[in-house]
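Colleague: To be precise about what I am sending: the file is called query_31.cif and holds mmCIF, C-alpha atoms.
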data_coords
loop_
_atom_site.label_atom_id
_atom_site.label_comp_id
_atom_site.auth_asym_id
_atom_site.auth_seq_id
_atom_site.Cartn_x
_atom_site.Cartn_y
_atom_site.Cartn_z
CA MET A 228 41.07 2.23 34.26
CA SER A 229 38.74 0.76 31.65
CA ALA A 230 38.33 2.26 28.17
CA PRO A 231 35.67 4.97 28.02
CA LEU A 232 32.25 4.13 26.61
CA LEU A 233 32.12 7.38 24.69
CA GLU A 234 34.88 9.70 23.64
CA LEU A 235 34.42 12.95 21.76
CA ARG A 236 37.39 14.58 20.12
CA GLY A 237 37.72 17.92 18.40
CA LEU A 238 33.97 18.36 18.19
CA ARG A 239 33.03 21.67 16.58
CA LYS A 240 29.64 23.02 15.69
CA SER A 241 28.81 26.54 14.63
CA PHE A 242 25.89 28.40 13.16
CA ASP A 243 26.34 31.57 11.10
CA ALA A 244 29.92 32.02 12.33
CA ARG A 245 28.74 31.66 15.93
CA SER A 246 30.43 28.78 17.72
CA LEU A 247 27.91 26.51 19.45
CA LEU A 248 30.24 23.73 20.53
CA ASP A 249 33.99 23.51 20.77
CA ILE A 250 34.98 20.39 22.67
CA ASP A 251 38.59 19.24 22.47
CA ARG A 252 38.02 16.04 24.37
CA LEU A 253 35.31 14.51 26.51
CA SER A 254 35.31 10.98 27.94
CA ILE A 255 32.28 9.24 29.38
CA GLU A 256 32.92 6.11 31.42
CA GLN A 257 30.89 2.91 31.07
CA GLY A 258 28.22 2.78 33.78
CA GLY A 259 28.79 6.38 34.80
CA ALA A 260 26.06 8.86 35.68
CA TYR A 261 26.61 12.49 34.75
CA VAL A 262 24.79 15.74 35.25
CA LEU A 263 25.47 18.19 32.42
CA THR A 264 24.99 21.78 33.55
CA GLY A 265 25.47 25.19 32.01
CA ALA A 266 23.60 28.37 31.22
CA ASN A 267 20.80 28.46 28.67
CA GLY A 268 22.21 28.35 25.15
CA CYS A 269 25.61 27.01 26.24
CA GLY A 270 25.19 23.93 23.99
CA LYS A 271 23.89 21.20 26.33
CA THR A 272 21.03 20.13 24.05
CA THR A 273 23.17 20.45 20.92
CA LEU A 274 25.82 18.22 22.47
CA MET A 275 23.30 15.55 23.44
CA ARG A 276 21.62 15.64 20.05
CA ILE A 277 24.97 15.25 18.30
CA ILE A 278 25.81 12.25 20.48
CA ALA A 279 22.38 10.74 19.67
CA GLY A 280 22.86 11.29 15.93
CA LEU A 281 19.95 13.72 15.67
CA GLU A 282 22.08 16.66 14.64
CA PRO A 283 25.13 16.70 12.41
CA THR A 284 28.40 18.24 13.44
CA GLN A 285 30.88 19.91 11.16
CA GLN A 286 34.06 18.59 12.69
CA GLY A 287 35.40 16.06 15.15
CA SER A 288 34.90 12.43 15.96
CA ILE A 289 32.64 10.34 18.15
CA GLU A 290 34.10 7.11 19.44
CA PHE A 291 31.63 4.69 20.99
CA ARG A 292 33.05 1.53 22.54
CA GLY A 293 36.14 1.97 20.43
CA GLU A 294 34.26 2.44 17.15
CA ARG A 295 35.01 5.82 15.66
CA SER A 296 32.67 7.77 13.40
CA ASN A 297 33.43 11.02 11.73
CA PRO A 298 30.91 13.63 10.64
CA PRO A 299 28.66 13.68 8.83
CA SER A 300 28.40 9.90 9.11
CA TYR A 301 26.62 8.40 12.10
CA PRO A 302 26.40 4.60 12.38
CA GLU A 303 22.72 3.60 12.33
CA HIS A 304 23.28 0.78 14.82
CA LEU A 305 24.27 3.35 17.47
CA ARG A 306 20.62 4.42 17.53
CA HIS A 307 19.94 1.09 19.22
CA GLU A 308 22.54 1.78 21.89
CA ILE A 309 22.17 5.50 22.51
CA VAL A 310 18.72 6.87 23.34
CA TYR A 311 17.86 10.55 23.72
CA VAL A 312 14.81 11.77 25.62
CA HIS A 313 13.59 15.21 24.55
CA GLN A 314 13.06 18.02 27.05
CA HIS A 315 9.37 17.95 26.12
CA PRO A 316 8.98 14.26 25.29
CA TYR A 317 6.64 13.35 22.49
CA LEU A 318 4.31 10.42 22.91
CA PHE A 319 2.79 8.99 19.75
CA HIS A 320 -0.98 9.39 19.42
CA THR A 321 -1.62 5.71 19.80
CA SER A 322 -1.61 4.00 23.19
CA LEU A 323 0.80 4.00 26.09
CA ARG A 324 1.58 0.35 25.43
CA HIS A 325 2.36 1.04 21.76
CA ASN A 326 4.64 3.90 22.81
CA LEU A 327 6.56 1.63 25.16
CA GLU A 328 6.77 -1.07 22.52
CA TYR A 329 7.83 1.16 19.61
CA GLY A 330 11.60 1.08 20.08
CA LEU A 331 11.49 -2.61 21.04
CA LYS A 332 9.90 -3.38 17.67
CA CYS A 333 12.64 -1.33 15.97
CA ARG A 334 15.13 -3.68 17.62
CA GLY A 335 13.34 -6.75 16.33
CA LEU A 336 12.61 -8.25 19.75
CA SER A 337 10.14 -11.11 20.01
CA ALA A 338 6.54 -10.43 21.03
CA ALA A 339 7.06 -12.25 24.35
CA GLU A 340 10.17 -10.22 25.17
CA ARG A 341 8.43 -7.00 24.17
CA ALA A 342 5.46 -7.81 26.40
CA ARG A 343 7.76 -8.60 29.33
CA ARG A 344 9.68 -5.36 28.97
CA VAL A 345 6.56 -3.25 28.51
CA GLU A 346 4.98 -4.67 31.67
CA GLU A 347 8.21 -4.07 33.58
CA ALA A 348 8.43 -0.50 32.25
CA ILE A 349 4.82 0.27 33.20
CA GLU A 350 5.45 -1.00 36.71
CA TRP A 351 8.81 0.82 37.01
CA ALA A 352 7.23 4.16 36.07
CA GLY A 353 4.13 3.57 38.22
CA LEU A 354 1.82 3.92 35.24
CA GLN A 355 -0.32 0.84 35.87
CA GLY A 356 -3.46 2.96 36.14
CA GLN A 357 -2.77 4.84 32.90
CA VAL A 358 -2.36 2.00 30.43
CA ALA A 359 -5.75 2.66 28.82
CA THR A 360 -5.42 6.47 28.90
CA PRO A 361 -4.62 8.08 25.53
CA PRO A 362 -1.14 9.66 25.84
CA ALA A 363 -2.56 13.09 24.97
CA ARG A 364 -4.58 13.00 28.18
CA LEU A 365 -1.64 12.17 30.49
CA SER A 366 -0.36 14.89 32.81
CA GLY A 367 3.06 16.44 32.23
CA GLY A 368 4.59 14.28 34.95
CA GLU A 369 3.01 11.12 33.59
CA LYS A 370 4.25 11.92 30.08
CA GLN A 371 7.76 12.43 31.41
CA ARG A 372 7.63 9.14 33.32
CA ALA A 373 6.23 7.36 30.26
CA ALA A 374 9.07 8.77 28.14
CA LEU A 375 11.66 7.67 30.72
CA ALA A 376 10.09 4.22 30.89
CA ARG A 377 10.02 4.00 27.08
CA ALA A 378 13.73 4.82 26.93
CA ARG A 379 14.69 2.57 29.84
CA ALA A 380 12.79 -0.40 28.37
CA LEU A 381 15.21 -0.31 25.43
CA ALA A 382 18.10 -1.02 27.83
CA PRO A 383 20.42 1.38 25.98
CA GLU A 384 24.12 1.56 26.75
CA LEU A 385 23.85 5.33 26.98
CA LEU A 386 20.76 7.25 28.03
CA LEU A 387 20.63 10.99 27.34
CA LEU A 388 17.98 12.94 29.23
CA ASP A 389 17.38 16.58 28.36
CA GLU A 390 15.95 18.65 31.23
CA PRO A 391 13.72 15.82 32.49
CA THR A 392 12.26 17.83 35.39
CA SER A 393 11.54 21.10 33.59
CA ASN A 394 7.92 22.22 33.33
CA LEU A 395 6.73 19.70 35.91
CA ASP A 396 4.71 20.39 39.02
CA ARG A 397 6.05 19.41 42.45
CA LEU A 398 4.60 15.92 42.40
CA GLY A 399 5.75 15.23 38.83
CA ARG A 400 9.21 16.50 39.69
CA ALA A 401 9.46 14.35 42.79
CA GLN A 402 8.37 11.25 40.88
CA THR A 403 10.82 11.95 38.05
CA LEU A 404 13.65 12.55 40.51
CA ALA A 405 12.92 9.19 42.12
CA LEU A 406 13.15 7.50 38.71
CA LEU A 407 16.39 9.35 37.92
CA ALA A 408 17.91 8.08 41.16
CA GLN A 409 17.00 4.52 40.13
CA LEU A 410 18.50 4.90 36.68
CA ARG A 411 21.98 5.16 38.17
CA ASP A 412 22.68 1.49 38.64
CA GLY A 413 26.35 1.22 37.64
CA ARG A 414 25.57 -0.70 34.44
CA ARG A 415 23.74 1.85 32.35
CA THR A 416 25.47 5.11 31.45
CA VAL A 417 23.31 8.18 31.95
CA ILE A 418 23.83 11.83 31.09
CA VAL A 419 21.23 14.28 32.38
CA ALA A 420 21.25 17.86 31.11
CA CYS A 421 19.61 20.17 33.62
CA HIS A 422 19.45 23.32 35.69
CA ASP A 423 17.50 21.70 38.49
CA GLN A 424 19.56 21.85 41.71
CA GLU A 425 17.90 18.71 43.07
CA VAL A 426 19.00 16.76 40.00
CA ILE A 427 22.48 18.28 40.20
CA ASN A 428 22.69 17.12 43.81
CA LEU A 429 21.58 13.56 43.07
CA VAL A 430 23.90 11.16 44.81
CA GLY A 431 26.34 9.37 42.57
CA TYR A 432 26.05 11.71 39.59
CA ALA A 433 29.34 13.24 38.39
CA ARG A 434 29.30 16.77 37.04
CA LEU A 435 30.00 18.13 33.62
CA ARG A 436 29.81 21.84 33.02
CA LEU A 437 29.54 23.52 29.64
CA GLU A 438 30.41 27.18 29.19
CA ASP A 439 30.01 28.75 25.79
CA GLY A 440 30.21 25.37 24.14
CA ARG A 441 33.35 24.26 25.96
CA ILE A 442 33.76 21.76 28.78
CA ALA A 443 34.61 23.92 31.77
CA LEU A 444 34.42 21.24 34.44
CA GLN A 445 34.45 17.48 34.60
CA SER A 446 34.33 16.01 38.08
CA GLY A 447 33.76 12.57 39.56
CA MET B 14 -41.72 25.55 -11.90
CA ASP B 15 -43.36 22.85 -9.82
CA LEU B 16 -40.64 21.28 -7.66
CA LEU B 17 -42.86 19.02 -5.62
CA GLU B 18 -43.92 16.70 -8.41
CA PRO B 19 -40.38 15.94 -9.75
CA THR B 20 -39.16 15.50 -6.18
CA ARG B 21 -41.98 13.05 -5.44
CA ARG B 22 -41.10 11.15 -8.62
CA ALA B 23 -37.41 11.23 -7.70
CA PHE B 24 -38.14 9.45 -4.41
CA ALA B 25 -40.38 7.01 -6.26
CA LEU B 26 -37.52 6.20 -8.67
CA LEU B 27 -35.11 5.67 -5.80
CA LEU B 28 -37.51 3.49 -3.85
CA ALA B 29 -38.36 1.43 -6.94
CA GLY B 30 -34.64 0.84 -7.58
CA ASP B 31 -34.72 2.18 -11.13
CA PRO B 32 -32.05 0.15 -13.03
CA ARG B 33 -30.74 3.17 -14.99
CA LEU B 34 -30.32 5.06 -11.75
CA LEU B 35 -28.61 2.16 -10.01
CA GLN B 36 -26.24 1.67 -12.95
CA ALA B 37 -25.12 5.30 -12.85
CA ILE B 38 -24.73 5.20 -9.05
CA TRP B 39 -22.73 1.97 -9.16
CA LEU B 40 -20.43 3.28 -11.90
CA SER B 41 -19.81 6.54 -10.03
CA LEU B 42 -18.95 4.77 -6.82
CA TRP B 43 -16.67 2.04 -8.09
CA VAL B 44 -14.78 4.28 -10.51
CA SER B 45 -14.24 6.94 -7.82
CA VAL B 46 -13.20 4.42 -5.16
CA ALA B 47 -10.83 2.64 -7.56
CA ALA B 48 -9.29 5.93 -8.72
CA ILE B 49 -8.63 7.08 -5.15
CA ALA B 50 -7.34 3.63 -4.14
CA LEU B 51 -4.83 3.72 -6.99
CA VAL B 52 -3.68 7.32 -6.66
CA ALA B 53 -3.68 7.73 -2.86
CA ALA B 54 -0.43 5.96 -1.96
CA PRO B 55 1.82 7.60 -4.61
CA SER B 56 0.23 11.02 -3.97
CA VAL B 57 0.75 10.78 -0.21
CA ALA B 58 4.35 9.63 -0.72
CA PHE B 59 4.99 12.52 -3.13
CA GLY B 60 3.35 14.99 -0.73
CA PHE B 61 5.51 13.68 2.10
CA LEU B 62 8.68 14.13 0.02
CA LEU B 63 7.69 17.66 -0.96
CA ALA B 64 6.99 18.51 2.68
CA LYS B 65 10.10 16.96 4.22
CA LYS B 66 12.93 16.89 1.71
CA ARG B 67 14.93 19.81 0.43
CA PHE B 68 15.97 19.55 -3.22
CA PRO B 69 16.42 21.91 -6.16
CA GLY B 70 13.07 22.81 -7.68
CA GLN B 71 11.11 21.73 -4.60
CA ARG B 72 9.41 25.11 -4.18
CA ALA B 73 8.51 25.18 -7.87
CA ALA B 74 7.05 21.66 -7.59
CA VAL B 75 4.87 22.74 -4.64
CA VAL B 76 3.64 25.82 -6.54
CA LEU B 77 2.89 23.68 -9.60
CA VAL B 78 0.87 21.14 -7.61
CA GLN B 79 -1.01 23.96 -5.88
CA ALA B 80 -1.74 25.50 -9.28
CA LEU B 81 -3.15 22.16 -10.46
CA LEU B 82 -5.80 22.47 -7.74
CA SER B 83 -7.46 25.27 -9.67
CA PHE B 84 -6.98 23.66 -13.08
CA PRO B 85 -10.39 23.35 -14.82
CA THR B 86 -11.40 19.69 -14.89
CA VAL B 87 -12.75 20.09 -18.40
CA VAL B 88 -9.21 21.02 -19.53
CA ILE B 89 -7.89 17.90 -17.82
CA GLY B 90 -10.57 16.04 -19.75
CA LEU B 91 -9.48 17.70 -22.99
CA ILE B 92 -5.82 16.78 -22.45
CA LEU B 93 -6.78 13.19 -21.62
CA TYR B 94 -9.07 13.09 -24.65
CA LEU B 95 -6.18 14.09 -26.91
CA LEU B 96 -3.89 11.54 -25.29
CA LEU B 97 -6.41 8.68 -25.45
CA SER B 98 -8.10 9.40 -28.80
CA ARG B 99 -7.30 7.09 -31.71
CA ARG B 100 -4.66 9.44 -33.10
CA GLY B 101 -3.22 10.22 -29.68
CA PRO B 102 -0.08 8.63 -28.21
CA PHE B 103 -2.15 6.18 -26.15
CA GLY B 104 -4.87 5.59 -28.75
CA SER B 105 -3.84 1.99 -29.28
CA PHE B 106 -5.07 1.13 -25.78
CA GLU B 107 -8.64 2.03 -26.86
CA LEU B 108 -9.49 3.55 -23.50
CA LEU B 109 -11.50 6.54 -24.67
CA PHE B 110 -15.20 6.38 -23.68
CA THR B 111 -14.57 3.62 -21.13
CA PRO B 112 -14.82 3.66 -17.32
CA THR B 113 -11.01 3.30 -17.24
CA ALA B 114 -10.65 6.66 -19.01
CA ILE B 115 -12.91 8.27 -16.41
CA MET B 116 -10.85 6.61 -13.69
CA ILE B 117 -7.63 8.07 -15.12
CA GLY B 118 -9.30 11.48 -15.21
CA TYR B 119 -10.39 11.15 -11.60
CA MET B 120 -6.87 10.17 -10.61
CA ALA B 121 -5.49 13.27 -12.32
CA ILE B 122 -8.08 15.44 -10.57
CA ALA B 123 -7.56 13.88 -7.12
CA PHE B 124 -3.74 13.88 -7.32
CA PRO B 125 -3.12 17.58 -6.49
CA ILE B 126 -5.76 17.49 -3.73
CA LEU B 127 -4.09 14.51 -2.07
CA VAL B 128 -0.60 15.98 -2.47
CA VAL B 129 -1.48 19.46 -1.15
CA PHE B 130 -3.44 18.07 1.82
CA THR B 131 -0.54 15.73 2.62
CA ILE B 132 1.99 18.59 2.47
CA SER B 133 -0.19 20.60 4.81
CA ALA B 134 -0.66 17.67 7.22
CA VAL B 135 3.04 16.71 7.30
CA GLN B 136 4.25 20.31 7.64
CA GLY B 137 1.77 20.75 10.46
CA ALA B 138 3.05 17.65 12.27
CA ASP B 139 5.00 18.12 15.45
CA PRO B 140 8.69 18.08 14.45
CA ARG B 141 9.37 15.88 17.47
CA VAL B 142 7.49 12.96 15.86
CA TYR B 143 10.19 12.08 13.33
CA GLU B 144 12.96 12.89 15.77
CA THR B 145 11.42 10.76 18.53
CA ALA B 146 11.06 7.85 16.16
CA ARG B 147 14.72 8.19 15.12
CA ALA B 148 15.84 8.60 18.74
CA LEU B 149 14.05 5.35 19.60
CA GLY B 150 15.94 3.52 16.89
CA ALA B 151 13.63 3.68 13.87
CA ALA B 152 15.19 3.65 10.41
CA ARG B 153 14.44 6.63 8.16
CA LEU B 154 11.59 4.93 6.29
CA HIS B 155 10.02 3.65 9.49
CA ALA B 156 10.26 7.13 11.07
CA SER B 157 8.64 8.63 7.94
CA LEU B 158 5.78 6.13 8.12
CA THR B 159 5.39 6.91 11.82
CA THR B 160 5.08 10.61 10.95
CA LEU B 161 2.39 9.80 8.39
CA TRP B 162 0.57 7.68 10.95
CA GLU B 163 0.65 10.56 13.44
CA VAL B 164 -1.06 12.82 10.87
CA ARG B 165 -3.40 10.05 9.70
CA PHE B 166 -6.52 12.17 10.14
CA GLY B 167 -5.08 14.84 7.87
CA ILE B 168 -4.26 12.16 5.31
CA LEU B 169 -7.74 10.70 5.72
CA ALA B 170 -9.19 14.16 5.11
CA ALA B 171 -7.10 14.31 1.93
CA VAL B 172 -8.53 10.98 0.76
CA VAL B 173 -12.10 12.02 1.60
CA ASN B 174 -11.70 15.32 -0.25
CA GLY B 175 -10.13 13.59 -3.23
CA PHE B 176 -13.02 11.14 -3.33
CA GLY B 177 -15.57 13.94 -2.97
CA ARG B 178 -14.03 15.83 -5.86
CA ALA B 179 -13.92 12.72 -8.05
CA VAL B 180 -17.43 11.46 -7.34
CA SER B 181 -18.99 14.83 -8.13
CA GLU B 182 -16.86 15.70 -11.17
CA VAL B 183 -18.66 16.19 -14.48
CA GLY B 184 -16.51 17.99 -17.09
CA CYS B 185 -13.72 15.45 -17.41
CA ALA B 186 -16.14 12.48 -17.14
CA ILE B 187 -18.19 13.76 -20.09
CA MET B 188 -15.07 14.48 -22.18
CA VAL B 189 -13.37 11.10 -21.77
CA GLY B 190 -16.39 8.96 -20.82
CA GLY B 191 -18.84 10.22 -23.41
CA ASN B 192 -21.85 9.77 -21.09
CA ILE B 193 -22.81 6.45 -22.71
CA GLU B 194 -25.80 4.89 -20.97
CA GLY B 195 -25.01 1.60 -19.30
CA LEU B 196 -21.28 2.05 -19.86
CA THR B 197 -19.91 5.43 -18.81
CA ARG B 198 -22.92 7.36 -17.55
CA ASN B 199 -22.37 8.19 -13.90
CA ILE B 200 -24.21 10.34 -11.37
CA PRO B 201 -22.96 13.83 -12.35
CA THR B 202 -23.07 13.24 -16.12
CA ALA B 203 -26.55 11.73 -15.82
CA ILE B 204 -27.74 14.74 -13.81
CA ALA B 205 -26.36 17.09 -16.48
CA LEU B 206 -28.02 15.12 -19.29
CA GLU B 207 -31.41 14.49 -17.66
CA THR B 208 -31.72 18.13 -16.60
CA THR B 209 -31.11 19.38 -20.17
CA LYS B 210 -33.79 16.93 -21.32
CA GLY B 211 -36.21 18.32 -18.74
CA GLU B 212 -36.18 15.02 -16.77
CA PHE B 213 -35.86 16.66 -13.39
CA ALA B 214 -36.97 13.61 -11.39
CA GLN B 215 -33.90 11.59 -12.46
CA GLY B 216 -31.63 14.59 -11.79
CA ILE B 217 -33.07 15.20 -8.34
CA ALA B 218 -32.87 11.50 -7.44
CA LEU B 219 -29.21 11.29 -8.46
CA GLY B 220 -28.47 14.63 -6.79
CA LEU B 221 -29.90 13.26 -3.54
CA VAL B 222 -27.69 10.18 -3.81
CA LEU B 223 -24.64 12.35 -4.45
CA MET B 224 -25.39 14.48 -1.40
CA VAL B 225 -25.92 11.40 0.77
CA VAL B 226 -22.57 9.97 -0.42
CA ALA B 227 -20.75 13.27 0.23
CA LEU B 228 -22.39 13.62 3.64
CA GLY B 229 -21.72 9.97 4.47
CA VAL B 230 -17.97 10.06 3.84
CA ASN B 231 -17.62 13.29 5.81
CA VAL B 232 -19.62 11.90 8.74
CA LEU B 233 -17.41 8.80 8.61
CA LEU B 234 -14.30 11.00 8.69
CA ALA B 235 -15.67 12.93 11.68
CA LEU B 236 -16.46 9.67 13.49
CA LEU B 237 -12.96 8.32 12.84
CA GLN B 238 -11.42 11.57 14.06
CA GLY B 239 -13.57 11.38 17.17
CA ALA B 240 -12.53 7.79 17.78
CA GLY B 241 -8.92 8.93 17.45
CA GLY B 242 -9.32 11.37 20.29
CA LEU B 243 -9.69 14.53 18.21
CA LYS B 244 -12.37 17.02 19.08
#
Rewrite the structure from the file as C-alpha cells, please.
Modeller:
Amino acid sequence: MSAPLLELRGLRKSFDARSLLDIDRLSIEQGGAYVLTGANGCGKTTLMRIIAGLEPTQQGSIEFRGERSNPPSYPEHLRHEIVYVHQHPYLFHTSLRHNLEYGLKCRGLSAAERARRVEEAIEWAGLQGQVATPPARLSGGEKQRAALARARALAPELLLLDEPTSNLDRLGRAQTLALLAQLRDGRRTVIVACHDQEVINLVGYARLRLEDGRIALQSG
Amino acid sequence: MDLLEPTRRAFALLLAGDPRLLQAIWLSLWVSVAAIALVAAPSVAFGFLLAKKRFPGQRAAVVLVQALLSFPTVVIGLILYLLLSRRGPFGSFELLFTPTAIMIGYMAIAFPILVVFTISAVQGADPRVYETARALGAARLHASLTTLWEVRFGILAAVVNGFGRAVSEVGCAIMVGGNIEGLTRNIPTAIALETTKGEFAQGIALGLVLMVVALGVNVLLALLQGAGGLK
C-alpha cells in the first residue's frame, strides 16, 4: 500500500471548553474520493478548513506527502496543492474569466497556460454561454459550477468541497452531481462534505463519518 | 438685495474667462487633487489594517480617527500654522503661505475621511473574499489587495468624499495659505474674501464652479458604480 497523501494525527480543536474536533488519526489516500458525512455541527467544515489552512488548530499534526506541519504553522506552498471550495462559494465581482484565472495567476503560470486552462474549465463546467455575464448575475447552480471549475483548473492534489449541492434547485443539483462524478478520476484526491444522499451514493466515493468531532467510520 | 445682477455678472465673468477666477479655480483643483493623490494610498492601507488586524490599542485608534472627522478645520490650520511658522519646528522649510502648506492641510483633513470610509468598506466586505483568495493560493498581501479591489466602490467613495472636503475647505486654507492673490487664493478663500468686500459676482461665479466640481465627481462616482454592476 502506498503512503497516504494526507495524514492527520492527534488533531484537537475546541472553542470555549467545547471540543469541536478530536481526531486521533485519519489517512487520506492519493487519488481517493471521499464523502465526509455527519450531523450539523459535528465538525465537517472545521476539519476541511483546518486541512486547507484557513483555520488554526490547537494541537496535532498535518502530514501532506510526508511533510509534517504542526500548529499553528501551515506551509504556504500547501495552498497551491490543497484547494477548499466554500459551501456558498464566493465569486469575485470581476468577470467569470478573471475568477477562473485568479488562482492560476497566484501560481505564476504563463498567460498561454492560463488561457488554455480557463477555456478548458469553462467547457468542463458548461459555462460557455455565461462568460460575459457578471458573476453576481449567475444562478446558484452556475455559481457552484463556476467555483468547481475554478478549483479544478488549479489541478490541486487535494480538493475539498463543502456541501456543494446545498441550496441548489433540482437542475443545479443534477449538474453539480454530474461534475462531482467526473472529479473522481483516480489521480486527484477529493473530499466532499455533505448530507445529500445522492452525493453519498456516488459511485467510487469512500465514506468518512464524523460524530461529535471524532471519526466514527472510515470505509472504502 | 438684488440677486439677479450679481448672478448675471458672475456668468459674464465665467464666460469671459476672468484670469483671477481661473487662477483660483486652477489652484483649488490641483492642490486638492495632489493632496488626495498623496494621502489616499497610506490612508487606505491604514484603514485596512484598522479594519482587519487585531492589536493592542486598535479600538482606541479607531475612536481617535473617528474623532478627527469632527475636528474643526480651522484648528487643524492653527496647528499647522504653528508647526510651519518661522519659529515652529518646520519653519526652516519656509512652507507657510504656499500652496504646499494648503496641500498638507488638505491631506490632514482628508486623512480621517479616507480612513473611516475604508474601515467601513472593509468591515462591510463579505468575509469570504479574503478567505476565497487564500483558499485559491493567494499570499496574504495579494488576498488583502483582492479584498480592497472587491470594495473598490467604497474606497472610491472615500476618495471622492475626501476630495470634496478638501476642495471646499476654507478655514485651514486661509490659516496656512494666507489667501494671497495669484499664489494661495483658491475658490473657497476667494469666495470668503470677495463676499466680505461686497463683490458678490466673483463669489457667485466661484460658488457655481465649486458646485459643478462637487456634482461632477459625484456623478462620475455614480457612473463608475453603475458600470461596476451596482444599482
Colleague: Give me the residues near region 248-251 of chain A as a PyMOL selection string, where near means some atom within 10 Å (using all atoms listed in the file) and where sequence neighbours in that chain fewer than 3 positions away do not count.
Modeller: chain A and resi 235-242+245+269-271+273-274+284+286-287+437-443
Colleague: For chain B against chain A, which residues fall within 9 Å using only C-alpha atoms, given as an MDAnalysis selection string?
Modeller: chainID B and resid 139 141:142 144:152 155 159 162:163 241:242
Colleague: Within 12 Å of Arg397 (chain A), counting only C-alpha atoms, which residues qualify if same-chain residues fewer than 6 places away don't, as a PyMOL selection string?
Modeller: chain A and resi 367-368+403-404+425
Colleague: Give the answer as one residue: which of B:Tyr94, B:Phe59, B:Phe110, B:Phe103 has the shortest atom-to-atom distance to Pro125 (chain B), using all atoms listed in the file?
Modeller: B:Phe59
Colleague: Quote the spacing between CA of Val225 (chain B) and CA of Trp39 (chain B) in Å to one decimal place.
Modeller: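 It comes out at 14.1 Å.
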Colleague: Could you tell me how far CA of Ile217 (chain B) lies from CA of Ala25 (chain B), in Å and to one decimal?
Modeller: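 Taking CA of Ile217 (chain B) as the start and CA of Ala25 (chain B) as the end point, the length is 11.2 Å.
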Colleague: By how many Å are CA of Gly190 (chain B) and CA of Leu42 (chain B) apart?
Modeller: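 For CA of Gly190 (chain B) relative to CA of Leu42 (chain B), the distance reads 14.8 Å.
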Colleague: If we count only C-alpha atoms, what is near Ile117 (chain B) at a cut-off of 9 Å, once residues fewer than 4 positions away on the same chain are taken out, given as number ranges by chain?
Modeller: B: 48, 93, 112-113, 121-122
Colleague: Considering all atoms listed in the file, state which residue in the set A:Gln424, A:Ser288, A:Gln445, A:Ser246 is at the smallest distance from Ser393 (chain A).
Modeller: A:Gln424
Colleague: I'd like the neighbourhood of Gly211 (chain B) as a PyMOL selection string, where a residue qualifies if any of its atoms comes within 12 Å (using only C-alpha atoms), though same-chain residues fewer than 6 positions away should be ignored.
Modeller: chain B and resi 14+19+204-205+217
Colleague: Given the selection you just returned, output its residues as a file containing C-alpha atoms, formatted as a compact mmCIF listing (two decimals), in the coordinates of the input.
Modeller:
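again23.txt written:
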# COMPACT_ATOMS: atom_id res chain seq x y z
CA MET B 14 -41.72 25.55 -11.90
CA PRO B 19 -40.38 15.94 -9.75
CA ILE B 204 -27.74 14.74 -13.81
CA ALA B 205 -26.36 17.09 -16.48
CA ILE B 217 -33.07 15.20 -8.34
Colleague: Written as JSON, numbers by chain, what is the full residue list that the PyMOL selection byres ((chain B and resi 78) around 12) yields on the file shown?
Modeller: {"B": [56, 59, 60, 63, 71, 72, 73, 74, 75, 76, 77, 79, 80, 81, 82, 83, 84, 121, 122, 123, 124, 125, 126, 127, 128, 129, 130, 131, 132]}
Colleague: I would like the residues chosen by the PyMOL selection byres ((chain A and resi 253-260) around 9) on the shown file; could you give them as an NGL selection string?
Modeller: :A and (229-236 or 250-252 or 261-262 or 292 or 384-385 or 410-419 or 431-434 or 442 or 445)
Colleague: For a quick check of understanding, using all atoms listed in the file, which of B:Leu26, B:Ala218, B:Met188, B:Val44 has the smallest distance to Leu96 (chain B)?
Modeller: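 Closest candidate: B:Met188.
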Colleague: What's the 8 Å shell around Leu323 (chain A), counting only C-alpha atoms, without same-chain residues fewer than 3 positions away, as a PyMOL selection string?
Modeller: chain A and resi 318+326-327+357-362+373
Colleague: Starting from the displayed file, determine the output of the PyMOL selection byres ((chain B and resi 27) around 10) and express the residue list as a list in words.
Modeller: Arg22, Ala23, Phe24, Ala25, Leu26, Leu28, Ala29, Gly30, Asp31, Pro32, Leu34, Leu35, Ala214, Gln215, Ala218, Leu219, Leu221 and Val222 of chain B
Colleague: From the list B:Pro102, B:Gly191, B:Gly175, B:Gly137, which residue is nearest Val52 (chain B) when using only C-alpha atoms?
Modeller: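 Smallest distance to Val52 (chain B) is found for B:Gly175.
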